[in-house]
Structures are given as structure tokens and as C-alpha cells.
Amino acid sequence: MKSLVRWGATLGLIGSTVLGSVTSLNSPVLALSEQQIKDKLDSVPVYLITDDKGLPLSRTLPAQNGKQSGSVTGVYMSRQEALTFIKELQKAKAKDPKLEDMAKKLQVTAVPLGVIYQQLQQTKDQSNRLVFAFKPVDQELKGALDLLRASGQKVDRFKSVPIFAVRFAPDKGYVPIQLGQNKQQMIPLFLSKQDAQGLLTQVKPQFPKADIQVIDVDGVIKTLKDKDEPWLNQVVLVPSRESREYIRTLPKNHNAPKPKALPSK
């Protein structure tokens with residue numbers, strides 16, 4: 001699958017970044033297309049628990065007004081946490097032998113985040129659709145809450161997947177980096193607070209007021225969809241270290257198998 005190949009493009013981002021100069025981005029102001037948004041999201045792998053046929057493990061949602069409301073499946077941001085869930089499920093003794101046998105065949109399937117986004121867009125008006133419940137990494141949730149509280153915000157919980165962006169100052173723009181031989185200027189949005197902290201450490205000596213802004217993935221997607229701002233073309237999402245290490249194990253050829261389309265119900 002081409003998306004799997006594209007994931008590799010972000011691997012060199014951490015540890016070899018070069019701070020970009022503070023310059024204005026002079027590209028034309030055009031809204032990003034749905035395909036461009038999907039391409040950006042495709043850089044982040046997420047993990048579904050699937051059966052031996054490749055179908056997501058899901059549960060039926062309660063009916064509303066006498067009508068079926070579809071089903072829900074978990075979308076893990078950590079492959080290890082998804083594997084842990086499967087192990088716990090397999091250890092539990094089910095009264096139904098069929099359920100016990102089914103649990104033995106469960107597996108973790110990696111899917112580009114862009115595929116989830118595309119599925120949501122295609123089925124948003126369907127009542128009997130597959131709903132995706134995101135499972136953020138506990139450590140990243142704690143990191144997001146710590147940063148928000150340190151900035152003076154009173155928050156008890158974070159309702160979405162946290163994204164971390166490094167700014168020159170709270171009232172300034174995002175810190176760009178330079179990638180590749182052409183030194184292309186990009187703006188990284190990190191799925192890991194630790195990775196964002198690494199970039200912050202680089203810029204702090206020159207920009208003492210630099211900080212980490214906490215955003216959520218829904219806000220990022222909404223901004224990409226709604227805003228006509230040139231810097232959005234330079235945005236790149238950076239997977240966590242765990243996901244980057246997993247990406248390195250994927251086939252590099254373009255003939256990697258294409259996963260089945262996710263069911264709408």
C-alpha cells in the first residue's frame with residue numbers, strides 16, 4: 001500500500017532536524033483539498049484490533065428511536081497497547097467457546113490515520129455506520145494535561161488525541177524545521193510530547209520564550225479543512241517513536257498488500 005511507503009518519509013525527522021530560519025512562507029493561499037488532508041494524516045499509523053478475516057473488532061451501539069445506530073471499534077494510537085488488550089482478552093475465560101476461539105485469532109492491524117479520516121467523511125451521514133473510538137496513549141494524555149495546567153488552564157481530562165507543536169513564543173508562530181537535501185521548510189506537529197520537547201530544547205537558547213502548545217487531532221483536522229493559510233501546506237504530522245520503529249519494519253516496496261476497505265457497519 002502506498003500509504004505504508006509514505007510513512008517512511010517522516011522517519012528522519014527526529015534527531016536529525018535542522019532549525020529552519022524564521023522566514024515567511026510565500027506560497028499561494030489555497031484551502032487544502034480532502035486528498036491533501038488525507039495525505040498528511042497518512043503519515044501517522046493507528047492500530048485496529050481485527051479478526052482473522054481482517055475485520056475490525058466492534059460492538060453494536062444501542063438503538064436510538066427504534067433505529068440501529070451502527071457499531072463502534074477502538075482505534076489505538078499505540079500498537080503495544082492494542083497488543084496488551086488482545087492478551088488480556090485472550091486470558092479472560094469466556095462462557096461461549098466461540099468467543100474464546102475468536103479471541104485467539106485476534107490481531108493488530110496498522111492503518112494510516114488518513115484511511116480512518118476518509119471512512120469518517122464517506123459515512124458521516126449514515127445512521128448505521130462504524131464509529132471510531134480513539135484510544136490515546138496514557139503517557140501523552142498526562143503530558144498534555146501537565147502542559148495545559150502549567151499554562152494556567154484548569155482542566156480535568158483531555159477528550160481527544162493530543163498533538164504537540166513548538167512555538168517561538170505563546171504569541172508567535174510555529175517553529176519550522178528543514179528536511180531533506182533541498183532543505184524543505186516544514187512545520188512539525190508531534191504525536192509525542194517527548195519529541196516536541198527535543199525540538200524545544202534546540203530553540204530555547206535562541207528563543208527563551210519558546211513553548212509547546214497542546215492541540216487535539218480534531219482541531220488540527222478542522223484547521224486543515226477550514227483555514228486558507230499558506231503555512232498549512234508545510235504542516236507534517238510526526239508519529240511517536242514507537243510507531244516510527246514499527247514503520248521501519250514495513251516493506252519498502254510499492255507492492256505491499258493493500259488492506260481491505262473498512263466496513264461501513
# chains A, B, ... in the order shown; residues from 1 in each chain; ligands from 1

call {"tool": "residues_around", "arguments": {"residues": "Val217 of chain A", "least_positions_apart": "6", "cutoff": "10 Å", "atoms": "only C-alpha atoms", "output": "list in words"}}
result
Leu41, Ser160, Val161, Pro162, Ile163, Phe164, Leu189, Leu191 and Thr223 of chain A

call {"tool": "closest_atom_pairs", "arguments": {"of": "segment 149-258 of chain A", "to": "segment 98-118 of chain A", "cutoff": "10 Å", "atoms": "only C-alpha atoms", "output": "Markdown table"}}
result
| residue | atom | partner | partner_atom | distance |
| --- | --- | --- | --- | --- |
| A:Ile221 | CA | A:Tyr117 | CA | 9.1 |
| A:Ser243 | CA | A:Ala110 | CA | 9.8 |
| A:Tyr246 | CA | A:Ala110 | CA | 9.6 |
| A:Ile247 | CA | A:Ala110 | CA | 9.7 |

call {"tool": "residues_around", "arguments": {"residues": "Ala169 of chain A", "least_positions_apart": "4", "cutoff": "6 Å", "atoms": "only C-alpha atoms", "output": "list in words"}}
result
Lys209, Ala210 and Asp211 of chain A

call {"tool": "select_by_dssp", "arguments": {"residues": "segment 18-242 of chain A", "states": "strand (DSSP E)", "output": "NGL selection string"}}
result
:A and (18-19 or 45-50 or 58-60 or 71-76 or 107-112 or 130-135 or 162-167 or 177-179 or 184-190 or 211-216 or 235-238)

call {"tool": "closest_residue", "arguments": {"among": "A:Leu250, A:Val137, A:Ala144, A:Ala165", "to": "Val220 of chain A", "atoms": "only C-alpha atoms"}}
result
A:Ala165

call {"tool": "closest_residue", "arguments": {"among": "A:Arg167, A:Ser240, A:Gly173, A:Leu232", "to": "Pro208 of chain A", "atoms": "only C-alpha atoms"}}
result
A:Arg167

call {"tool": "closest_residue", "arguments": {"among": "A:Lys222, A:Arg248, A:Arg241, A:Arg129", "to": "Phe190 of chain A", "atoms": "only C-alpha atoms"}}
result
A:Arg241

call {"tool": "closest_residue", "arguments": {"among": "A:Ile187, A:Lys225, A:Gly70, A:Lys135", "to": "Phe85 of chain A", "atoms": "only C-alpha atoms"}}
result
A:Lys135

call {"tool": "atom_distance", "arguments": {"atom1": "atom CA of Tyr47 of chain A", "atom2": "atom CA of Ser71 of chain A"}}
result
17.3 Å

call {"tool": "select_by_dssp", "arguments": {"residues": "segment 18-216 of chain A", "states": "alpha helix (DSSP H)", "output": "VMD selection string"}}
result
chain A and resid 34 to 41 79 to 91 97 to 104 113 to 123 138 to 150 193 to 203

call {"tool": "atom_distance", "arguments": {"atom1": "atom CA of Val175 of chain A", "atom2": "atom CA of Ser151 of chain A"}}
result
18.9 Å

call {"tool": "atom_distance", "arguments": {"atom1": "atom CA of Leu61 of chain A", "atom2": "atom CA of Phe134 of chain A"}}
result
15.7 Å

call {"tool": "residues_around", "arguments": {"residues": "Leu130 of chain A", "least_positions_apart": "2", "cutoff": "12 Å", "atoms": "only C-alpha atoms", "output": "PyMOL selection string"}}
result
chain A and resi 55-61+68-75+116+119-128+132-133+262-265

call {"tool": "closest_residue", "arguments": {"among": "A:Asp226, A:Pro239, A:Gln213, A:Lys40", "to": "Asp171 of chain A", "atoms": "only C-alpha atoms"}}
result
A:Gln213
